[in-house]
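Structure record follows, encoded as structure tokens.
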There are 2 protein chains.
Amino acid sequence: MRAQLPTEQAVAKSQDCYRIGQAAQLTGVTAKMIRHYEALGLIPKARRTSGDYRLYSMTDLHSLRFVRRARQLGFSTKEIQDLLGLWRNQRRASKQVKRLALEHIAELDRKIEALGAMRATLANLATHCRGDARPECPILDDLGGLPLE
Amino acid sequence: MRAQLPTEQAVAKSQDCYRIGQAAQLTGVTAKMIRHYEALGLIPKARRTSGDYRLYSMTDLHSLRFVRRARQLGFSTKEIQDLLGLWRNQRRASKQVKRLALEHIAELDRKIEALGAMRATLANLATHCRGDARPECPILDDLGGLPLE
DNA sequence: CTTGACCTTCCTATGATGGTAAGGTCCATC
DNA sequence: GATGGACCTTACCATCATAGGAAGGTCAAG
């Protein structure tokens with residue numbers, strides 16, 4: 001479990017190069033997902049060592065952290081692609097970014113509302129269920145459609 | 001588009017038999033999903049006609065509506081399997097049903113909370129974004145990790 | 001040279017749903 | 001009795017983000 005700081009690593013570090021496992025540790029994005037994002041075109045193809053190992057610079061790590069943070073906020077990879085484009089574009093208008101953010105907020109609101117409606121319905125049913133050893137159960141009655149048929 | 005009420009259909013109806021398309025219409029579950037639920041073992045394998053068409057009775061339709069309603073409430077197919085078991089078991093204890101319901105409510109709460117946290121963070125960032133033609137953008141700054149590094 | 005940590009690619013799976021393609025059934029109408 | 005059309009069948013692929021594993025290669029230390 002000792003970090004391999006010797007030769008290769010020392011060279012890598014001095015050259016601002018990290019292999020995928022290190023990049024994963026430093027960004028919180030799994031190596032698996034880093035490769036996946038590369039395949040999706042979300043991040044550029046990594047440089048490779050002579051042994052075909054991927055190499056990442058600090059800039060790359062920065063991008064990976066960006067992606068992770070955006071994922072934490074629920075953006076899809078497609079949306080992240082757009083956000084990354086704006087992030088890298090010095091001539092972007094903040095209006096564009098804000099629009100994406102507001103759209104995503106609206107999407108989150110839709111999901112929250114849908115889940116809230118489920119929760120309310122189910123909580124209501126659960127309230128009326130005695131929850132004892134007897135079989136009578138308004139929850140199952142509702143699912144079975146008894147009240148509606 | 002005329003419903004085929006003649007011979008086969010008349011017979012089917014008189015015998016409490018519906019083909020998958022009719023079952024889909026009557027239950028709101030797509031034919032696709034009906035087959036899927038059967039493959040999952042959620043509903044029993046349907047009887048078949050001599051031509052290998054699936055046939056559904058009113059009881060089957062009832063089960064399908066149960067599944068649909070449970071899906072609307074966000075239960076997974078695995079959970080629905082348990083609910084169906086309880087529904088069909090006349091000796092069930094309502095306690096068991098209520099436990100499943102409360103667990104699911106807790107799960108919904110977790111999801112709602114997670115989405116709500118995303119929403120709050122993003123809304124906060126959006127508030128501070130001017131949303132004009134200039135490039136400065138606190139949203140991108142956050143995603144890029146500027147405030148944390 | 002071997003060992004072990006790390007890397008590579010490729011394939012598989014998840015969960016609920018939708019799509020499509022190639023082909024069979026069944027009934028009505030010509 | 002053949003045709004057309006609505007409906008059905010199975011089988012495969014796609015979505016979305018993520019994880020797991022197998023088989024094999026790299027590299028540095030012992």
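Quick note on naming: the chains in the structure tokens go A, B, ... in the order shown, residues restart at 1 in each chain, and ligands are numbered from 1 in order of appearance.
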| What residues in chain A lie within 8 Å of chain B, counting only C-alpha atoms, written as number ranges by chain? | A: 62-63, 65-67, 69-70, 72-74, 83, 87, 90-99, 101-102, 105, 108-109, 111-112, 115-116, 118-119, 121-123, 126, 129-137, 139-140, 143-145
| said: Can you pull out the residues contacting Arg54 of chain A? Cut-off 10 Å, using only C-alpha atoms (C1' of nucleotides), and skip same-chain residues under 2 positions away; I want them as a ChimeraX atom specification. | reply: /A:17-21,23,35,45-52,56 /C:7-8
Taking only residues of chain D that have an atom at most 10 Å from an atom of chain B, what is each one's shortest atom pair and its distance in Å to one decimal, using only C-alpha atoms (C1' of nucleotides), in chain and number order, as CSV?
```
residue,atom,partner,partner_atom,distance
D:DA6,C1',B:Met1,CA,8.0
D:DC7,C1',B:Gly21,CA,7.9
D:DC8,C1',B:Tyr53,CA,6.1
D:DT9,C1',B:Asp52,CA,7.3
```
Got time to write the residues from that selection, C-alpha atoms (C1' of nucleotides), as a PDB file, in the first residue's frame?
```
ATOM      1  C1'  DA D   6     -53.779  -5.629 -37.295  1.00  0.00           C
ATOM      2  C1'  DC D   7     -51.801  -8.033 -33.967  1.00  0.00           C
ATOM      3  C1'  DC D   8     -48.711 -11.158 -32.023  1.00  0.00           C
ATOM      4  C1'  DT D   9     -44.027 -13.757 -31.399  1.00  0.00           C
TER       5       DT D   9
END
```
| request: Pick out the chain C residues within 9 Å of chain B. Count only C-alpha atoms (C1' of nucleotides). Give them as a list in words. | output: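 So the contacting residues turn out to be DG15, DA16, DT17, DG18, DG24, DT25, DC26 and DC27 of chain C.
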| request: Write down as a ChimeraX atom specification the residues belonging to chain A that are assigned strand (DSSP E) by DSSP computed on the backbone. | output: /A:47-48,54-55
| Who sits within 12 Å of DA2 of chain D, only C-alpha atoms (C1' of nucleotides), same chain under 2 positions skipped, as a ChimeraX atom specification | /C:29-30 /D:4
| Between atom C1' of DA11 of chain D and atom CA of Ile80 of chain B, distance in Å (one decimal) | 26.7 Å
| request: Step one, run DSSP on the backbone; step two, keep only residues of segment 1-146 of chain A assigned to helix (DSSP H, G or I); then write them as an MDAnalysis selection string. | output: chainID A and resid 7:14 20:27 31:40 58:72 77:88 94:127 138:143 146
Closest contacts (chain C/segment 15-23 of chain D, max 9 Å, only C-alpha atoms (C1' of nucleotides)) as a Markdown table:
```
| residue | atom | partner | partner_atom | distance |
| --- | --- | --- | --- | --- |
| C:DC10 | C1' | D:DA22 | C1' | 9.0 |
| C:DC11 | C1' | D:DA22 | C1' | 8.8 |
| C:DT12 | C1' | D:DG20 | C1' | 8.2 |
| C:DA13 | C1' | D:DG20 | C1' | 8.2 |
| C:DT14 | C1' | D:DT18 | C1' | 8.5 |
| C:DT17 | C1' | D:DT15 | C1' | 8.5 |
| C:DG18 | C1' | D:DT15 | C1' | 8.5 |
```
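The two atoms in question, atom CA of Ala24 of chain A and atom CA of Asp82 of chain A, are spaced 22.7 Å apart.
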